[in-house]
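> Dropping in my_file08.cif, with mmCIF, C-alpha atoms.
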```cif
data_my_file
loop_
_atom_site.label_atom_id
_atom_site.label_comp_id
_atom_site.auth_asym_id
_atom_site.auth_seq_id
_atom_site.Cartn_x
_atom_site.Cartn_y
_atom_site.Cartn_z
CA MET P 22 53.90 94.41 78.39
CA ALA P 23 53.03 98.09 78.84
CA ASN P 24 56.13 99.56 77.20
CA ALA P 25 58.05 98.04 74.34
CA ASP P 26 61.75 97.55 75.00
CA PRO P 27 63.74 98.94 72.05
CA SER P 28 66.79 96.94 73.10
CA ARG P 29 64.87 93.81 72.14
CA SER P 30 65.02 94.71 68.46
CA ARG P 31 65.51 91.87 66.02
CA GLY P 32 67.57 91.39 62.95
CA ASP P 33 67.34 88.56 60.52
CA GLY P 34 69.91 89.03 57.86
CA LYS P 35 71.56 85.63 58.20
CA THR P 36 70.88 82.23 59.61
CA SER P 37 72.05 81.84 63.20
CA ASN P 38 74.47 79.14 64.17
CA VAL P 39 73.22 79.37 67.73
CA ILE P 40 72.74 76.03 69.48
CA PRO P 41 70.26 75.28 72.24
CA VAL P 42 71.71 76.11 75.63
CA SER P 43 70.68 74.18 78.71
CA PRO P 44 71.27 75.31 82.28
CA GLU P 45 72.57 71.82 82.99
CA ARG P 46 75.27 72.19 80.36
CA VAL P 47 76.40 75.52 81.78
CA ASP P 48 76.38 74.15 85.33
CA ARG P 49 78.36 71.10 84.27
CA SER P 50 80.92 73.20 82.38
CA ILE P 51 81.42 75.50 85.34
CA SER P 52 82.12 72.55 87.60
CA GLU P 53 84.72 70.96 85.31
CA GLN P 54 87.81 72.11 87.12
CA ASN P 55 90.18 70.37 84.68
CA THR P 56 89.08 72.55 81.76
CA PRO P 57 91.56 75.43 81.35
CA ARG P 58 89.75 78.74 81.19
CA GLU P 59 90.92 82.24 80.39
CA GLN P 60 90.16 84.71 83.14
CA ALA P 61 87.81 87.22 81.57
CA THR P 62 86.95 90.57 83.13
CA VAL P 63 83.33 91.28 82.23
CA VAL P 64 81.43 94.56 82.26
CA VAL P 65 77.63 94.17 82.08
CA LEU P 66 75.54 97.20 81.10
CA ALA P 67 72.27 96.67 82.93
CA ASP P 68 69.81 98.84 84.80
CA GLY P 69 68.08 96.15 86.83
CA SER P 70 68.14 92.56 87.98
CA MET P 71 69.20 89.78 85.62
CA PRO P 72 68.39 86.05 85.67
CA HIS P 73 71.16 83.60 86.57
CA ARG P 74 73.38 86.31 87.99
CA GLU P 75 74.90 83.78 90.38
CA LYS P 76 76.02 81.62 87.45
CA LEU P 77 77.59 84.63 85.80
CA GLU P 78 79.43 85.44 89.01
CA GLU P 79 80.61 81.85 89.23
CA LEU P 80 81.94 81.88 85.69
CA CYS P 81 83.73 85.23 86.05
CA GLY P 82 84.47 85.42 89.73
CA LYS P 83 82.86 88.29 91.62
CA GLU P 84 86.09 90.28 91.53
CA ARG P 85 86.06 90.24 87.71
CA LEU P 86 82.38 91.12 87.17
CA PHE P 87 81.18 94.74 87.07
CA ILE P 88 77.50 95.58 86.56
CA GLY P 89 75.96 99.01 86.16
CA ASN P 90 74.00 101.41 83.97
CA SER P 91 76.51 104.26 83.86
CA VAL P 92 80.19 104.74 83.13
CA GLY P 93 80.78 105.59 86.77
CA ALA P 94 79.11 102.41 87.98
CA VAL P 95 81.50 100.17 86.05
CA THR P 96 84.60 102.37 85.96
CA ARG P 97 86.55 100.05 88.30
CA GLY P 98 86.39 97.32 85.67
CA THR P 99 86.94 99.18 82.42
CA SER P 100 90.75 99.30 82.49
CA ASP P 101 90.95 95.47 82.52
CA ALA P 102 87.69 94.56 80.78
CA THR P 103 88.00 92.02 77.98
CA VAL P 104 84.23 91.51 77.57
CA ILE P 105 81.19 93.80 77.53
CA PHE P 106 77.73 92.28 77.78
CA ASN P 107 75.18 94.88 76.70
CA TRP P 108 72.11 93.65 78.53
CA SER P 109 70.04 96.85 78.41
CA GLY P 110 72.42 99.77 77.89
CA SER P 111 71.90 102.50 75.32
CA ARG P 112 74.18 102.97 72.34
CA GLY P 113 75.59 106.10 73.96
CA LEU P 114 76.46 104.26 77.16
CA LEU P 115 77.95 101.35 75.25
CA ARG P 116 80.15 103.72 73.26
CA ASP P 117 81.31 105.60 76.36
CA VAL P 118 82.26 102.37 78.12
CA PHE P 119 83.86 100.95 74.97
CA LEU P 120 86.15 103.98 74.69
CA ASN P 121 87.37 103.33 78.24
CA CYS P 122 88.22 99.63 77.72
CA PRO P 123 91.70 99.37 76.16
CA LYS P 124 91.88 95.57 76.56
CA LEU P 125 88.43 94.84 75.14
CA ARG P 126 88.16 91.85 72.80
CA TRP P 127 84.46 91.02 72.56
CA ILE P 128 81.01 92.61 72.97
CA HIS P 129 77.84 90.55 73.20
CA ASN P 130 74.49 92.23 72.52
CA ARG P 131 71.46 90.69 74.24
CA SER P 132 69.14 91.42 71.33
CA ALA P 133 69.46 90.42 67.70
CA GLY P 134 69.03 93.92 66.25
CA LEU P 135 72.12 96.12 66.35
CA GLU P 136 70.99 99.62 65.41
CA ARG P 137 71.36 100.62 69.08
CA SER P 138 74.78 99.02 69.39
CA LEU P 139 76.88 99.91 66.35
CA PHE P 140 78.97 103.09 66.20
CA PRO P 141 81.97 104.11 64.07
CA GLU P 142 84.69 103.34 66.61
CA LEU P 143 83.38 99.81 67.19
CA ILE P 144 82.96 99.12 63.47
CA ALA P 145 86.56 100.20 62.82
CA SER P 146 87.99 98.19 65.72
CA PRO P 147 89.07 94.51 65.81
CA VAL P 148 86.66 93.87 68.72
CA LEU P 149 84.30 90.97 68.00
CA LEU P 150 80.56 91.63 68.19
CA THR P 151 77.97 88.89 68.73
CA ASN P 152 74.22 89.10 69.20
CA GLY P 153 71.15 87.24 70.44
CA THR P 154 70.02 85.84 67.10
CA GLY P 155 68.15 82.57 67.52
CA VAL P 156 66.81 83.16 71.02
CA PHE P 157 63.55 84.77 69.88
CA SER P 158 62.95 83.13 66.49
CA PRO P 159 60.58 80.28 67.49
CA SER P 160 58.05 82.58 69.15
CA LEU P 161 58.22 85.04 66.25
CA GLY P 162 57.61 82.18 63.84
CA GLU P 163 54.50 81.26 65.82
CA PHE P 164 53.29 84.85 65.74
CA ALA P 165 53.55 84.90 61.94
CA LEU P 166 51.51 81.72 61.82
CA ALA P 167 48.91 83.19 64.16
CA ALA P 168 48.65 86.35 62.04
CA ILE P 169 48.13 84.32 58.87
CA LEU P 170 45.31 82.33 60.45
CA TYR P 171 43.84 85.48 62.01
CA PHE P 172 43.25 86.95 58.55
CA ALA P 173 42.50 83.68 56.73
CA LYS P 174 39.71 82.83 59.19
CA ASP P 175 38.66 86.48 59.76
CA LEU P 176 38.86 86.10 63.52
CA ARG P 177 38.17 89.79 64.10
CA ARG P 178 34.77 89.37 62.46
CA MET P 179 34.05 86.27 64.55
CA ILE P 180 34.94 88.05 67.79
CA ARG P 181 32.95 91.15 66.86
CA ASN P 182 29.87 89.09 66.03
CA GLN P 183 30.23 87.07 69.22
CA MET P 184 30.46 90.21 71.35
CA ASN P 185 27.39 91.67 69.60
CA GLY P 186 25.38 88.44 69.84
CA VAL P 187 25.19 88.12 66.06
CA TRP P 188 24.88 84.77 64.24
CA GLU P 189 26.32 85.43 60.79
CA PRO P 190 27.91 82.51 58.89
CA PHE P 191 30.51 83.57 56.32
CA ASP P 192 33.16 82.02 54.11
CA ILE P 193 36.72 81.67 55.31
CA LEU P 194 39.99 81.04 53.47
CA MET P 195 42.32 78.06 53.50
CA ALA P 196 45.94 78.88 54.25
CA ALA P 197 47.04 75.74 52.43
CA GLY P 198 48.05 76.49 48.87
CA GLN P 199 48.63 80.20 49.47
CA THR P 200 52.02 81.88 49.13
CA VAL P 201 54.11 83.46 51.87
CA GLY P 202 56.87 85.86 50.88
CA ILE P 203 59.59 86.11 53.55
CA ILE P 204 61.60 89.31 53.18
CA GLY P 205 64.77 88.61 55.16
CA TYR P 206 65.53 84.91 55.09
CA GLY P 207 67.69 84.53 58.17
CA ASP P 208 66.98 82.83 61.48
CA ILE P 209 63.51 84.34 61.97
CA GLY P 210 62.70 83.80 58.31
CA HIS P 211 63.59 80.12 58.59
CA ALA P 212 61.41 79.82 61.71
CA VAL P 213 58.49 81.32 59.80
CA ALA P 214 59.09 79.08 56.79
CA ALA P 215 59.16 75.91 58.89
CA ARG P 216 55.79 76.73 60.41
CA VAL P 217 53.92 77.83 57.30
CA ARG P 218 55.18 74.85 55.33
CA SER P 219 53.42 72.63 57.87
CA LEU P 220 50.17 74.26 56.70
CA GLY P 221 50.89 73.42 53.08
CA MET P 222 51.82 76.97 52.11
CA LYS P 223 54.31 77.91 49.40
CA VAL P 224 57.37 79.91 50.50
CA LEU P 225 59.20 82.54 48.45
CA ALA P 226 62.21 84.00 50.24
CA VAL P 227 64.22 87.17 49.67
CA LYS P 228 67.67 87.76 51.11
CA ARG P 229 70.53 90.13 50.41
CA GLN P 230 72.07 87.81 47.86
CA ALA P 231 70.40 84.84 46.25
CA PRO P 232 72.11 81.49 46.91
CA PRO P 233 72.90 79.15 44.02
CA HIS P 234 70.08 76.81 45.05
CA SER P 235 67.02 76.66 47.28
CA ASP P 236 66.65 74.71 50.54
CA ALA P 237 64.24 72.35 52.26
CA LEU P 238 61.96 75.14 53.53
CA ALA P 239 61.79 77.72 50.73
CA ASP P 240 60.42 76.82 47.31
CA GLU P 241 62.35 79.70 45.74
CA ILE P 242 65.00 82.11 47.08
CA TYR P 243 65.81 85.43 45.42
CA GLY P 244 68.16 88.34 45.92
CA ARG P 245 66.92 91.70 47.16
CA ASP P 246 66.95 93.15 43.65
CA SER P 247 64.06 90.81 42.76
CA LEU P 248 61.75 92.17 45.47
CA LEU P 249 59.34 93.92 43.11
CA GLN P 250 58.96 90.75 41.06
CA ILE P 251 58.23 88.62 44.13
CA LEU P 252 55.66 90.81 45.90
CA PRO P 253 52.81 90.41 43.35
CA ARG P 254 52.98 86.64 43.87
CA CYS P 255 52.47 86.72 47.65
CA ASP P 256 49.30 86.38 49.70
CA TYR P 257 51.26 87.17 52.89
CA VAL P 258 54.42 89.28 53.08
CA VAL P 259 56.45 88.61 56.24
CA VAL P 260 59.16 91.22 56.83
CA THR P 261 62.05 90.14 59.07
CA MET P 262 64.87 92.36 57.80
CA PRO P 263 67.34 93.99 60.21
CA LEU P 264 67.40 97.77 60.29
CA THR P 265 70.38 99.20 58.41
CA GLU P 266 70.84 102.23 56.20
CA LYS P 267 70.12 100.02 53.19
CA THR P 268 66.96 98.46 54.61
CA ARG P 269 65.39 101.59 56.12
CA GLY P 270 62.17 102.25 54.19
CA MET P 271 62.81 99.40 51.75
CA ILE P 272 59.08 98.57 51.78
CA GLY P 273 57.58 101.84 50.56
CA GLU P 274 54.93 103.20 48.18
CA ARG P 275 56.29 101.34 45.16
CA GLU P 276 56.61 98.02 46.94
CA ILE P 277 53.15 98.22 48.53
CA ALA P 278 51.65 99.14 45.17
CA ALA P 279 53.16 95.97 43.74
CA MET P 280 51.29 93.79 46.26
CA ARG P 281 47.98 92.07 45.65
CA SER P 282 44.86 93.80 46.92
CA THR P 283 44.31 90.70 49.07
CA ALA P 284 47.84 90.72 50.54
CA VAL P 285 48.59 90.91 54.26
CA VAL P 286 51.84 92.46 55.55
CA ILE P 287 53.38 91.01 58.72
CA ASN P 288 56.30 92.95 60.22
CA LEU P 289 58.47 91.13 62.76
CA GLY P 290 61.80 92.87 62.10
CA ARG P 291 62.05 96.58 62.77
CA GLY P 292 59.38 99.22 62.24
CA PRO P 293 61.35 101.61 59.99
CA VAL P 294 62.04 98.89 57.42
CA ILE P 295 58.51 99.67 56.22
CA ASN P 296 57.55 103.24 55.35
CA GLU P 297 54.93 103.64 58.06
CA GLN P 298 52.92 106.42 56.46
CA ALA P 299 52.83 104.60 53.13
CA LEU P 300 51.47 101.55 54.94
CA VAL P 301 48.87 103.63 56.81
CA ARG P 302 47.64 105.10 53.52
CA ALA P 303 47.42 101.71 51.86
CA LEU P 304 45.50 100.20 54.77
CA SER P 305 43.16 103.19 55.06
CA ARG P 306 42.28 102.90 51.36
CA ASN P 307 42.00 99.09 51.49
CA GLN P 308 44.75 98.96 48.88
CA ILE P 309 45.87 95.75 50.64
CA ARG P 310 43.84 93.48 52.88
CA GLY P 311 45.59 94.10 56.16
CA ALA P 312 48.68 94.09 58.35
CA ALA P 313 49.89 92.37 61.50
CA LEU P 314 52.51 94.54 63.19
CA ASP P 315 54.75 93.87 66.18
CA VAL P 316 57.24 96.71 65.58
CA PHE P 317 56.80 100.41 64.84
CA ASP P 318 58.70 103.59 64.03
CA LYS P 319 58.16 104.88 67.56
CA GLU P 320 57.55 102.69 70.58
CA PRO P 321 55.36 102.75 72.56
CA LEU P 322 53.03 103.57 69.67
CA PRO P 323 51.71 107.09 70.39
CA THR P 324 48.15 107.50 71.61
CA GLY P 325 45.83 108.32 68.72
CA HIS P 326 48.04 106.73 66.06
CA GLU P 327 46.16 105.61 62.95
CA PHE P 328 47.05 101.95 63.53
CA TYR P 329 44.87 101.86 66.65
CA LYS P 330 41.83 102.85 64.60
CA LEU P 331 42.16 100.59 61.57
CA GLU P 332 39.95 97.51 61.50
CA ASN P 333 42.36 95.71 59.15
CA VAL P 334 45.35 95.90 61.51
CA LEU P 335 46.37 93.33 64.12
CA LEU P 336 48.55 95.28 66.54
CA SER P 337 51.02 93.67 68.95
CA PRO P 338 52.91 95.99 71.35
CA HIS P 339 56.35 94.55 70.50
CA CYS P 340 55.68 91.43 72.55
CA ALA P 341 55.44 88.68 69.93
CA ASP P 342 58.61 87.17 71.40
CA HIS P 343 57.84 88.07 75.01
CA THR P 344 57.63 84.53 76.34
CA ALA P 345 57.82 83.73 80.03
CA ASP P 346 61.47 82.67 79.73
CA TRP P 347 62.89 84.99 77.07
CA LEU P 348 65.22 86.73 79.53
CA ASP P 349 66.42 83.39 80.87
CA ASP P 350 67.14 82.23 77.32
CA ALA P 351 69.03 85.42 76.53
CA MET P 352 71.22 85.01 79.60
CA GLN P 353 71.78 81.31 78.95
CA LEU P 354 73.10 82.17 75.49
CA PHE P 355 75.59 84.64 76.96
CA LEU P 356 76.73 82.09 79.54
CA GLU P 357 77.36 79.63 76.73
CA GLN P 358 79.22 82.31 74.78
CA LEU P 359 81.34 83.22 77.80
CA LEU P 360 82.31 79.59 78.30
CA ARG P 361 83.37 79.46 74.67
CA PHE P 362 85.41 82.63 75.06
CA GLN P 363 87.12 81.37 78.19
CA THR P 364 87.99 77.98 76.69
CA GLY P 365 89.08 79.20 73.27
CA MET P 366 86.10 77.84 71.33
CA PRO P 367 84.63 79.83 68.39
CA LEU P 368 81.91 82.27 69.37
CA LEU P 369 78.42 81.94 67.94
CA ASN P 370 76.51 84.69 66.09
CA ILE P 371 79.53 86.77 65.10
CA VAL P 372 78.23 89.93 63.42
CA ASP P 373 79.56 91.54 60.26
CA LYS P 374 79.87 95.02 61.76
CA LYS P 375 80.06 96.74 58.38
CA LEU P 376 76.87 95.11 57.13
CA GLY P 377 75.14 95.62 60.49
CA TYR P 378 73.95 92.02 61.01
#
```
Kindly present the structure from the file in structure tokens form.

Amino acid sequence: MANADPSRSRGDGKTSNVIPVSPERVDRSISEQNTPREQATVVVLADGSMPHREKLEELCGKERLFIGNSVGAVTRGTSDATVIFNWSGSRGLLRDVFLNCPKLRWIHNRSAGLERSLFPELIASPVLLTNGTGVFSPSLGEFALAAILYFAKDLRRMIRNQMNGVWEPFDILMAAGQTVGIIGYGDIGHAVAARVRSLGMKVLAVKRQAPPHSDALADEIYGRDSLLQILPRCDYVVVTMPLTEKTRGMIGEREIAAMRSTAVVINLGRGPVINEQALVRALSRNQIRGAALDVFDKEPLPTGHEFYKLENVLLSPHCADHTADWLDDAMQLFLEQLLRFQTGMPLLNIVDKKLGY
């Protein structure tokens, strides 16, 4: 993927209650004529083609579906709109459309992260907000696993020696028995934990508030105020926090200084959760072993950025969850949500707008 899509930001503040959605289930539900359904008028903020558009039209009815990437393009539907699906619209566009929808009851955000979707008027309103949590977690969990093995087996060194025709045996590390700290133990955090546990790794998890007991995946779970006590115990620090005012820069100079010199940072949440310049300095000085990064302060990462030059960085251009069917999965989740809305069932992934996740 040449350019990262900021609208695909992730958040991982809580465990998703999303359930797998199958096209067959959606098709079957659409065809059940005896199921009473509320007639929803849906505005979709999108600047291009979408998968399963025909299913969306069938659920809504073409006369109740309005798609566009400007206020003018969807203005015929705003007066009656009860639903907004923010497929790829900016926060500014979403706000402008929101202010023109007096009957609005629900907004669904394609991505999990909400920093591009929340604004004061929405937070203060009774309008429900849901997001795409759960759609991208499995692939992000696999990326974390790949990053751990990349550093444990020193794959960069192997590839460099292979390309240079050098035969140079060296020692590698076992992942089994090492400790993974997951900072942000929500849906992505659980996906990471499930995969590293299969390697025999120990899991320490940090979330906003510590629960009264642990679970089947994490050996220990702590509140955010224990972060500095957890970091020195971790061989790998996986950051999956959503971006809010309270999490911006939460991994900074002090937190990095608390890490082991052999620690590896893996960021799968949002770039600004980690103080980028503090991380660059630590990596440049070999204060920590390395970092695997899928998200950044500015995307695309500017040409000449220090991360491109550092040998101890594994850089992914915000595509760790860019599977062949990620757009299909995102649309299938909305179709499931819309069916729930129309039939009076509880919506999945309802966001606490004040917390921002």
> Got a sec to resolve the PyMOL selection byres ((chain P and resi 276-284) around 7) on this structure and send the residues as a VMD selection string?
chain P and resid 249 252 to 253 255 to 257 272 to 275 285 to 286 308 to 311
> Residues within 9 Å of P:Phe119, please, as an mmCIF file with C-alpha atoms, in the coordinates of the input. Count only C-alpha atoms; anything in the same chain fewer than 3 positions from it doesn't count.

```
data_model
loop_
_atom_site.group_PDB
_atom_site.id
_atom_site.type_symbol
_atom_site.label_atom_id
_atom_site.label_comp_id
_atom_site.auth_asym_id
_atom_site.auth_seq_id
_atom_site.Cartn_x
_atom_site.Cartn_y
_atom_site.Cartn_z
ATOM 1 C CA THR P 99 86.940 99.180 82.420
ATOM 2 C CA ILE P 105 81.190 93.800 77.530
ATOM 3 C CA LEU P 114 76.460 104.260 77.160
ATOM 4 C CA LEU P 115 77.950 101.350 75.250
ATOM 5 C CA ARG P 116 80.150 103.720 73.260
ATOM 6 C CA CYS P 122 88.220 99.630 77.720
ATOM 7 C CA PRO P 123 91.700 99.370 76.160
ATOM 8 C CA LEU P 125 88.430 94.840 75.140
ATOM 9 C CA GLU P 142 84.690 103.340 66.610
ATOM 10 C CA LEU P 143 83.380 99.810 67.190
#
```
> Mind telling me what the PyMOL selection byres ((chain P and resi 68) around 8) catches here, as a PyMOL selection string?
chain P and resi 66-67+69-70+89-90+109-110
> Would you work out the distance separating atom CA of P:Val294 from atom CA of P:Ala165, expressed in Å to one decimal?
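That distance, rounded to one decimal, is 17.0 Å.
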> Could you please determine the separation between atom CA of P:Gln199 and atom CA of P:Val224 in Å, to one decimal place?
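One can read the atom CA of P:Gln199 to atom CA of P:Val224 distance as 8.8 Å.
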> Apply the PyMOL selection byres ((chain P and resi 162) around 8) to the structure shown and report the selected residues as a list of chain:residue names.
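The output of the PyMOL selection byres ((chain P and resi 162) around 8) on this file is P:Ser158, P:Pro159, P:Ser160, P:Leu161, P:Glu163, P:Phe164, P:Ala165, P:Leu166, P:Ile209, P:Gly210, P:Ala212, P:Val213, P:Ala214, P:Arg216.
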> Could you give me, as a list in words, the residues that have an atom at most 10 Å away from the point (54.9, 91.4, 58.3) in the coordinates of the file, using only C-alpha atoms?
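Final list of nearby residues, as requested, is Ala165, Ala168, Ile169, Gly202, Ile203, Ile204, Tyr257, Val258, Val259, Val260, Thr261, Val285, Val286, Ile287, Asn288, Leu289, Gly290, Arg291, Gly292, Ile295, Gly311, Ala312, Ala313, Leu314, Asp315 and Val316 of chain P.
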> Output C-alpha atoms for every residue in that selection, as a PDB file, in the frame of the given file.

```
ATOM      1  CA  ALA P 165      53.550  84.900  61.940  1.00  0.00           C
ATOM      2  CA  ALA P 168      48.650  86.350  62.040  1.00  0.00           C
ATOM      3  CA  ILE P 169      48.130  84.320  58.870  1.00  0.00           C
ATOM      4  CA  GLY P 202      56.870  85.860  50.880  1.00  0.00           C
ATOM      5  CA  ILE P 203      59.590  86.110  53.550  1.00  0.00           C
ATOM      6  CA  ILE P 204      61.600  89.310  53.180  1.00  0.00           C
ATOM      7  CA  TYR P 257      51.260  87.170  52.890  1.00  0.00           C
ATOM      8  CA  VAL P 258      54.420  89.280  53.080  1.00  0.00           C
ATOM      9  CA  VAL P 259      56.450  88.610  56.240  1.00  0.00           C
ATOM     10  CA  VAL P 260      59.160  91.220  56.830  1.00  0.00           C
ATOM     11  CA  THR P 261      62.050  90.140  59.070  1.00  0.00           C
ATOM     12  CA  VAL P 285      48.590  90.910  54.260  1.00  0.00           C
ATOM     13  CA  VAL P 286      51.840  92.460  55.550  1.00  0.00           C
ATOM     14  CA  ILE P 287      53.380  91.010  58.720  1.00  0.00           C
ATOM     15  CA  ASN P 288      56.300  92.950  60.220  1.00  0.00           C
ATOM     16  CA  LEU P 289      58.470  91.130  62.760  1.00  0.00           C
ATOM     17  CA  GLY P 290      61.800  92.870  62.100  1.00  0.00           C
ATOM     18  CA  ARG P 291      62.050  96.580  62.770  1.00  0.00           C
ATOM     19  CA  GLY P 292      59.380  99.220  62.240  1.00  0.00           C
ATOM     20  CA  ILE P 295      58.510  99.670  56.220  1.00  0.00           C
ATOM     21  CA  GLY P 311      45.590  94.100  56.160  1.00  0.00           C
ATOM     22  CA  ALA P 312      48.680  94.090  58.350  1.00  0.00           C
ATOM     23  CA  ALA P 313      49.890  92.370  61.500  1.00  0.00           C
ATOM     24  CA  LEU P 314      52.510  94.540  63.190  1.00  0.00           C
ATOM     25  CA  ASP P 315      54.750  93.870  66.180  1.00  0.00           C
ATOM     26  CA  VAL P 316      57.240  96.710  65.580  1.00  0.00           C
TER      27      VAL P 316
END
```
> Counting all atoms listed in the file, figure out which residue out of P:Arg245, P:His343, P:His129, P:Arg254 gets nearest to P:Leu225.
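Counting all atoms listed in the file, the residue closest to P:Leu225 is P:Arg254.
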